[in-house]
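Participant: Okay, here's the structure, questions in a sec.
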There are 2 protein chains.
Amino acid sequence: MNKIDVCLTPELLHLCETENKNVVVIDILRASSSITTALAHGIARIKPVAGLEECRALKKQGFIIAGERDGKKADGFDLGNSPFDYMDRSLAGKTIAMTTTNGTMAISKSKDAAKVIIGSFLNKKAVVDELLRGQNDILLLCAGWKGRFSLEDTLFAGAVVKDLGHDFQVDHDAALAARYLYDGTGSNLPAVVENASHAQRLKGLNIQKDMAFCLTFDKYDVVPVLKGEFLIIKI
Amino acid sequence: MNKIDVCLTPELLHLCETENKNVVVIDILRASSSITTALAHGIARIKPVAGLEECRALKKQGFIIAGERDGKKADGFDLGNSPFDYMDRSLAGKTIAMTTTNGTMAISKSKDAAKVIIGSFLNKKAVVDELLRGQNDILLLCAGWKGRFSLEDTLFAGAVVKDLGHDFQVDHDAALAARYLYDGTGSNLPAVVENASHAQRLKGLNIQKDMAFCLTFDKYDVVPVLKGEFLIIKI
């Protein structure tokens, strides 16, 4: 039986294996929710980029650039990190370069995986179905907040462990804890996440609407995957 | 209001502050349970030591030496890491040098704290009372397993956060998650911990008796604290 494991923050990734695994990158508030929304709304490709400067340089090459630091749209960028930024019809078919505080870094750390998948509540069922089709061990990689543990990312990991617990062997305590955490609090997700540090940070930025949206289950039937340098919809 | 935070493994300690905090080192299976038991049974002092060789050298200086690696008593050592090893009356008044896979390393990483306290289910109430008397922020430091997250350590942290939640501000998601985790599973602690990785490892070593003992609440009314190089009972 293949295994499923959870890495609670990218700071612990050196203790987990990514090679030959299907790695799901999770940054619920908001990178993985925004990437899912963008591709579901017809954006062709997203190039995840680690740094603001690298991203700014891509603007000169014709990219639309999306950038966030500490929850706010970065200076000189076309788009921020709200999923609602990516629903604009004029963006359909376009390529975007994106950098975020935690999510894009987690993607760049996963490049030796068999497959890199972007997971969010918005596409949970699609991601779970994709993982069930796979023949590899799974690592659910929580992007966290500046290296620290994040509640909402771990809750999503727990939801996936719950869905896959009969088909994969739960490996290590982090996966077990994520599952217990989701079992205990999943029925009350908005209230629980509202207490979380990052939700408190975002509240100051007046984006409760984003938070409610990012906690919506199965709105989109798309699976963003990394192909070379770009995130695209798995077909 | 002072704050309470949880560090899920020593690998994340560089992201937490320890300075001017009361740090509780938690290694339920079994270092912090054994240290608590030892001091409660009259052992005078325990010198936590990082390495096996350093510990062996102390034997020549007259120390009784206790050492464990990967759950087993290390070669040439007088005592292992079972709490039952420390109930021997002939040890009363003695000084022990101890090294363990995770626990002693977590202690050595906490040396700039205002106070270092050893916490276990065996002395939970005594530790909580000591923390309530303190004027400092609190960091609950889970020793984990070779840098990785450990379920039983986090459950104990959650139990302490629960007890102190009215008197301290819960800081960061890790403390919140530990609390939710304990709320959801604490009433069924032995069964939950039995599924944990380290419990599975210890099972192979045939020490179920240790596990049941380490999950006993409030057996001892002692608070081990670090004074200079030694762990002693706080008086």
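Labeling convention for the structure tokens: chains A, B, ... as they appear, residues from 1 per chain, ligands from 1 in order of appearance.
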Output the contact residues of chain B with respect to chain A at a cut-off of 6 Å, based on only C-alpha atoms, as a ChimeraX atom specification.

Facilitator: /B:149-151,172-174,181,184,196-197

Participant: Any idea what's packed within 6 Å of stretch 24-41 of chain A, counting only C-alpha atoms, ignoring anything in its chain fewer than 2 positions away? Could you give it as a list in words?

Facilitator: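 The contact residues come out as Ile43, Pro83, Tyr86, Met87, Gly103, Val116, Ile117, Ile118, Gly119, Ser120, Leu140, Leu141, Cys142, Ala143, Asp153 and Cys214 of chain A.
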
Participant: Could you please take those selected residues and save all heavy atoms as a compact mmCIF listing (two decimals), in the first residue's frame?

Facilitator:
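Contents of result-v4.txt, freshly written:
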```
# COMPACT_ATOMS: atom_id res chain seq x y z
N ILE A 43 -7.33 31.23 -17.16
CA ILE A 43 -5.93 31.67 -17.30
C ILE A 43 -5.13 30.46 -17.76
O ILE A 43 -5.31 29.35 -17.24
CB ILE A 43 -5.43 32.27 -15.97
CG1 ILE A 43 -6.07 33.66 -15.80
CG2 ILE A 43 -3.91 32.35 -15.92
CD1 ILE A 43 -5.95 34.26 -14.44
N PRO A 83 -8.31 35.50 -4.63
CA PRO A 83 -8.87 34.69 -5.74
C PRO A 83 -9.76 35.52 -6.66
O PRO A 83 -9.84 35.23 -7.86
CB PRO A 83 -9.67 33.59 -5.02
CG PRO A 83 -9.59 33.85 -3.57
CD PRO A 83 -8.60 34.93 -3.31
N TYR A 86 -8.57 36.96 -10.01
CA TYR A 86 -8.27 36.06 -11.14
C TYR A 86 -9.52 35.64 -11.91
O TYR A 86 -9.47 34.74 -12.72
CB TYR A 86 -7.51 34.84 -10.63
CG TYR A 86 -6.19 35.24 -10.02
CD1 TYR A 86 -6.12 35.61 -8.67
CD2 TYR A 86 -5.05 35.32 -10.79
CE1 TYR A 86 -4.92 36.05 -8.12
CE2 TYR A 86 -3.85 35.74 -10.25
CZ TYR A 86 -3.79 36.10 -8.91
OH TYR A 86 -2.61 36.53 -8.39
N MET A 87 -10.64 36.29 -11.61
CA MET A 87 -11.90 35.93 -12.28
C MET A 87 -12.20 36.84 -13.47
O MET A 87 -13.19 36.65 -14.16
CB MET A 87 -13.05 36.02 -11.27
CG MET A 87 -12.96 34.99 -10.15
SD MET A 87 -14.29 35.23 -8.95
CE MET A 87 -13.84 34.03 -7.69
N GLY A 103 3.53 30.42 -0.58
CA GLY A 103 3.11 29.38 -1.52
C GLY A 103 4.10 29.10 -2.63
O GLY A 103 4.45 27.94 -2.89
N VAL A 116 3.90 17.68 -8.94
CA VAL A 116 3.53 18.75 -8.00
C VAL A 116 2.10 19.20 -8.34
O VAL A 116 1.83 19.61 -9.48
CB VAL A 116 4.49 19.95 -8.07
CG1 VAL A 116 4.02 21.07 -7.13
CG2 VAL A 116 5.90 19.52 -7.70
N ILE A 117 1.23 19.11 -7.36
CA ILE A 117 -0.19 19.42 -7.52
C ILE A 117 -0.53 20.56 -6.56
O ILE A 117 0.00 20.61 -5.45
CB ILE A 117 -1.03 18.16 -7.15
CG1 ILE A 117 -0.75 17.03 -8.14
CG2 ILE A 117 -2.53 18.49 -7.07
CD1 ILE A 117 -1.30 15.68 -7.69
N ILE A 118 -1.41 21.46 -6.98
CA ILE A 118 -1.85 22.54 -6.09
C ILE A 118 -3.22 22.17 -5.52
O ILE A 118 -4.16 21.93 -6.27
CB ILE A 118 -1.95 23.88 -6.86
CG1 ILE A 118 -0.63 24.18 -7.60
CG2 ILE A 118 -2.33 25.01 -5.90
CD1 ILE A 118 0.59 24.31 -6.72
N GLY A 119 -3.29 22.16 -4.19
CA GLY A 119 -4.52 21.74 -3.53
C GLY A 119 -5.14 22.85 -2.70
O GLY A 119 -4.44 23.63 -2.04
N SER A 120 -6.47 22.91 -2.73
CA SER A 120 -7.22 23.88 -1.91
C SER A 120 -8.60 23.29 -1.65
O SER A 120 -8.99 22.31 -2.30
CB SER A 120 -7.34 25.22 -2.65
OG SER A 120 -8.20 25.08 -3.77
N LEU A 140 1.75 15.71 1.50
CA LEU A 140 0.96 16.94 1.56
C LEU A 140 1.82 18.00 2.22
O LEU A 140 2.18 17.88 3.39
CB LEU A 140 -0.33 16.69 2.36
CG LEU A 140 -1.18 15.51 1.87
CD1 LEU A 140 -2.38 15.30 2.80
CD2 LEU A 140 -1.64 15.70 0.44
N LEU A 141 2.20 19.01 1.45
CA LEU A 141 3.15 20.02 1.92
C LEU A 141 2.43 21.32 2.26
O LEU A 141 1.96 22.04 1.36
CB LEU A 141 4.22 20.27 0.84
CG LEU A 141 5.18 21.44 1.09
CD1 LEU A 141 5.90 21.31 2.42
CD2 LEU A 141 6.18 21.56 -0.05
N CYS A 142 2.34 21.61 3.54
CA CYS A 142 1.69 22.84 4.00
C CYS A 142 2.67 24.00 3.86
O CYS A 142 3.80 23.91 4.35
CB CYS A 142 1.27 22.69 5.47
SG CYS A 142 0.11 21.32 5.71
N ALA A 143 2.24 25.07 3.21
CA ALA A 143 3.15 26.19 2.96
C ALA A 143 3.42 26.98 4.24
O ALA A 143 4.48 27.59 4.40
CB ALA A 143 2.57 27.11 1.89
N ASP A 153 -3.87 25.37 6.57
CA ASP A 153 -3.20 24.45 5.65
C ASP A 153 -3.25 23.02 6.20
O ASP A 153 -3.48 22.05 5.47
CB ASP A 153 -1.74 24.86 5.43
CG ASP A 153 -1.61 26.21 4.71
OD1 ASP A 153 -2.63 26.70 4.17
OD2 ASP A 153 -0.50 26.77 4.70
N CYS A 214 -12.21 30.98 0.19
CA CYS A 214 -11.13 29.98 0.25
C CYS A 214 -11.51 28.74 1.07
O CYS A 214 -10.83 27.72 1.00
CB CYS A 214 -9.86 30.59 0.82
SG CYS A 214 -9.11 31.84 -0.25
```

Participant: Please run DSSP on the backbone and report, as an MDAnalysis selection string, all residues within stretch 4-220 of chain B that come out as helix (DSSP H, G or I).

Facilitator: chainID B and resid 10:15 31:40 52:60 83:86 89:91 103:108 121:133 151:164 173:194 197:203 208:214

Participant: Which neighbours of stretch 94-97 of chain A fall inside 6 Å, counting only C-alpha atoms, when residues of the same chain fewer than 5 positions from it are skipped, and could you give them as a list in words?

Facilitator: Ile43, Ala44, Arg45, Ile46, Lys47, Pro48, Phe63, Ile64 and Ile65 of chain A

Participant: Keeping N, CA, C and O atoms for every residue in the selection just given, could you write it to a file as a PDB file, in the first residue's frame?

Facilitator:
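Written output follows (again.pdb):
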```
ATOM      1  N   ILE A  43      -7.330  31.233 -17.160  1.00  0.00           N
ATOM      2  CA  ILE A  43      -5.931  31.670 -17.301  1.00  0.00           C
ATOM      3  C   ILE A  43      -5.130  30.458 -17.757  1.00  0.00           C
ATOM      4  O   ILE A  43      -5.307  29.346 -17.243  1.00  0.00           O
ATOM      5  N   ALA A  44      -4.279  30.657 -18.775  1.00  0.00           N
ATOM      6  CA  ALA A  44      -3.633  29.507 -19.430  1.00  0.00           C
ATOM      7  C   ALA A  44      -2.537  28.886 -18.578  1.00  0.00           C
ATOM      8  O   ALA A  44      -2.481  27.670 -18.410  1.00  0.00           O
ATOM      9  N   ARG A  45      -1.659  29.737 -18.050  1.00  0.00           N
ATOM     10  CA  ARG A  45      -0.483  29.216 -17.359  1.00  0.00           C
ATOM     11  C   ARG A  45      -0.068  30.188 -16.259  1.00  0.00           C
ATOM     12  O   ARG A  45      -0.215  31.405 -16.400  1.00  0.00           O
ATOM     13  N   ILE A  46       0.483  29.643 -15.179  1.00  0.00           N
ATOM     14  CA  ILE A  46       1.035  30.476 -14.108  1.00  0.00           C
ATOM     15  C   ILE A  46       2.467  30.040 -13.849  1.00  0.00           C
ATOM     16  O   ILE A  46       2.718  28.852 -13.597  1.00  0.00           O
ATOM     17  N   LYS A  47       3.358  30.991 -13.896  1.00  0.00           N
ATOM     18  CA  LYS A  47       4.765  30.685 -13.596  1.00  0.00           C
ATOM     19  C   LYS A  47       5.041  31.102 -12.158  1.00  0.00           C
ATOM     20  O   LYS A  47       5.057  32.302 -11.857  1.00  0.00           O
ATOM     21  N   PRO A  48       5.217  30.127 -11.251  1.00  0.00           N
ATOM     22  CA  PRO A  48       5.536  30.520  -9.873  1.00  0.00           C
ATOM     23  C   PRO A  48       6.981  30.997  -9.786  1.00  0.00           C
ATOM     24  O   PRO A  48       7.879  30.380 -10.346  1.00  0.00           O
ATOM     25  N   PHE A  63       4.892  39.322 -19.347  1.00  0.00           N
ATOM     26  CA  PHE A  63       4.028  38.619 -18.399  1.00  0.00           C
ATOM     27  C   PHE A  63       3.107  39.602 -17.661  1.00  0.00           C
ATOM     28  O   PHE A  63       3.518  40.742 -17.397  1.00  0.00           O
ATOM     29  N   ILE A  64       1.908  39.154 -17.348  1.00  0.00           N
ATOM     30  CA  ILE A  64       1.111  39.818 -16.313  1.00  0.00           C
ATOM     31  C   ILE A  64       1.713  39.356 -14.996  1.00  0.00           C
ATOM     32  O   ILE A  64       1.969  38.153 -14.819  1.00  0.00           O
ATOM     33  N   ILE A  65       1.957  40.251 -14.062  1.00  0.00           N
ATOM     34  CA  ILE A  65       2.616  39.803 -12.827  1.00  0.00           C
ATOM     35  C   ILE A  65       1.704  39.961 -11.601  1.00  0.00           C
ATOM     36  O   ILE A  65       0.988  40.947 -11.453  1.00  0.00           O
TER      37      ILE A  65
END
```

Participant: For the atom pair atom CA of A:Glu194 and atom CA of B:Val170, what is the interatomic distance in Å to one decimal place?

Facilitator: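 Taking atom CA of A:Glu194 as the start and atom CA of B:Val170 as the end point, the length is 13.8 Å.
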
Participant: Could you go through stretch 84-204 of chain B and tell me which residues DSSP, when run on the backbone, assigns to strand (DSSP E or B), listing them as a list in words?

Facilitator: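 Selecting the strand (DSSP E or B) positions of stretch 84-204 of chain B gives Thr95, Ile96, Ala97, Met98, Thr99, Ala113, Lys115, Val116, Ile117, Ile118, Gly119, Ile138, Leu139, Leu140, Leu141, Cys142, Trp145, Arg148, Gln169 and Val170 of chain B.
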
Participant: Figure out the distance between atom CA of A:Val128 and atom CA of A:Val223, please, to one decimal in Å.

Facilitator: 9.5 Å

Participant: List as a PDB file with N, CA, C and O atoms, in the first residue's frame the protein and nucleic acid residues near B:Asp75, meaning an atom at most 12 Å away when only C-alpha atoms are counted, but skip any in the same chain fewer than 2 places from it.

Facilitator:
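This is the output file selection_29.pdb:
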```pdb
ATOM      1  N   LEU B  52      26.460  10.538  23.503  1.00  0.00           N
ATOM      2  CA  LEU B  52      26.785   9.291  24.202  1.00  0.00           C
ATOM      3  C   LEU B  52      28.209   9.322  24.743  1.00  0.00           C
ATOM      4  O   LEU B  52      28.461   8.917  25.883  1.00  0.00           O
ATOM      5  N   GLU B  53      29.154   9.824  23.941  1.00  0.00           N
ATOM      6  CA  GLU B  53      30.561   9.790  24.372  1.00  0.00           C
ATOM      7  C   GLU B  53      30.789  10.714  25.572  1.00  0.00           C
ATOM      8  O   GLU B  53      31.493  10.342  26.518  1.00  0.00           O
ATOM      9  N   CYS B  55      28.654  11.456  27.746  1.00  0.00           N
ATOM     10  CA  CYS B  55      28.027  10.796  28.889  1.00  0.00           C
ATOM     11  C   CYS B  55      28.925   9.674  29.424  1.00  0.00           C
ATOM     12  O   CYS B  55      29.133   9.545  30.625  1.00  0.00           O
ATOM     13  N   ARG B  56      29.505   8.903  28.496  1.00  0.00           N
ATOM     14  CA  ARG B  56      30.405   7.813  28.920  1.00  0.00           C
ATOM     15  C   ARG B  56      31.604   8.362  29.693  1.00  0.00           C
ATOM     16  O   ARG B  56      32.057   7.774  30.671  1.00  0.00           O
ATOM     17  N   ILE B  65      25.371   6.697  34.731  1.00  0.00           N
ATOM     18  CA  ILE B  65      25.013   7.227  33.408  1.00  0.00           C
ATOM     19  C   ILE B  65      23.789   6.517  32.823  1.00  0.00           C
ATOM     20  O   ILE B  65      23.624   5.305  32.938  1.00  0.00           O
ATOM     21  N   ALA B  66      22.918   7.338  32.239  1.00  0.00           N
ATOM     22  CA  ALA B  66      21.684   6.852  31.619  1.00  0.00           C
ATOM     23  C   ALA B  66      21.719   7.260  30.153  1.00  0.00           C
ATOM     24  O   ALA B  66      21.956   8.422  29.839  1.00  0.00           O
ATOM     25  N   GLY B  67      21.475   6.306  29.278  1.00  0.00           N
ATOM     26  CA  GLY B  67      21.578   6.650  27.860  1.00  0.00           C
ATOM     27  C   GLY B  67      20.691   5.801  26.991  1.00  0.00           C
ATOM     28  O   GLY B  67      20.592   4.580  27.172  1.00  0.00           O
ATOM     29  N   GLU B  68      20.051   6.459  26.055  1.00  0.00           N
ATOM     30  CA  GLU B  68      19.146   5.766  25.142  1.00  0.00           C
ATOM     31  C   GLU B  68      19.369   6.302  23.744  1.00  0.00           C
ATOM     32  O   GLU B  68      19.611   7.482  23.559  1.00  0.00           O
ATOM     33  N   ARG B  69      19.332   5.397  22.785  1.00  0.00           N
ATOM     34  CA  ARG B  69      19.297   5.797  21.379  1.00  0.00           C
ATOM     35  C   ARG B  69      18.286   4.903  20.660  1.00  0.00           C
ATOM     36  O   ARG B  69      18.306   3.679  20.843  1.00  0.00           O
ATOM     37  N   LYS B  72      16.387   2.284  22.720  1.00  0.00           N
ATOM     38  CA  LYS B  72      17.068   1.205  23.450  1.00  0.00           C
ATOM     39  C   LYS B  72      18.169   1.755  24.351  1.00  0.00           C
ATOM     40  O   LYS B  72      18.826   2.739  24.006  1.00  0.00           O
ATOM     41  N   LYS B  73      18.410   1.063  25.483  1.00  0.00           N
ATOM     42  CA  LYS B  73      19.518   1.446  26.358  1.00  0.00           C
ATOM     43  C   LYS B  73      20.814   1.328  25.577  1.00  0.00           C
ATOM     44  O   LYS B  73      21.037   0.354  24.856  1.00  0.00           O
ATOM     45  N   PHE B  77      25.868   1.597  29.356  1.00  0.00           N
ATOM     46  CA  PHE B  77      25.174   2.542  30.240  1.00  0.00           C
ATOM     47  C   PHE B  77      24.511   1.807  31.411  1.00  0.00           C
ATOM     48  O   PHE B  77      24.151   0.634  31.306  1.00  0.00           O
ATOM     49  N   ASP B  78      24.387   2.531  32.534  1.00  0.00           N
ATOM     50  CA  ASP B  78      23.809   1.915  33.736  1.00  0.00           C
ATOM     51  C   ASP B  78      22.289   1.821  33.653  1.00  0.00           C
ATOM     52  O   ASP B  78      21.688   0.881  34.158  1.00  0.00           O
ATOM     53  N   LEU B  79      21.680   2.853  33.041  1.00  0.00           N
ATOM     54  CA  LEU B  79      20.216   2.936  32.997  1.00  0.00           C
ATOM     55  C   LEU B  79      19.762   3.284  31.588  1.00  0.00           C
ATOM     56  O   LEU B  79      20.486   3.929  30.834  1.00  0.00           O
ATOM     57  N   GLY B  80      18.537   2.877  31.262  1.00  0.00           N
ATOM     58  CA  GLY B  80      17.954   3.222  29.966  1.00  0.00           C
ATOM     59  C   GLY B  80      17.007   4.402  30.117  1.00  0.00           C
ATOM     60  O   GLY B  80      17.218   5.283  30.952  1.00  0.00           O
TER      61      GLY B  80
END
```

Participant: How far is it from atom CA of A:Asp70 to atom CA of A:Asp85, in Å with one decimal?

Facilitator: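 Distance between the two atoms: 16.9 Å.
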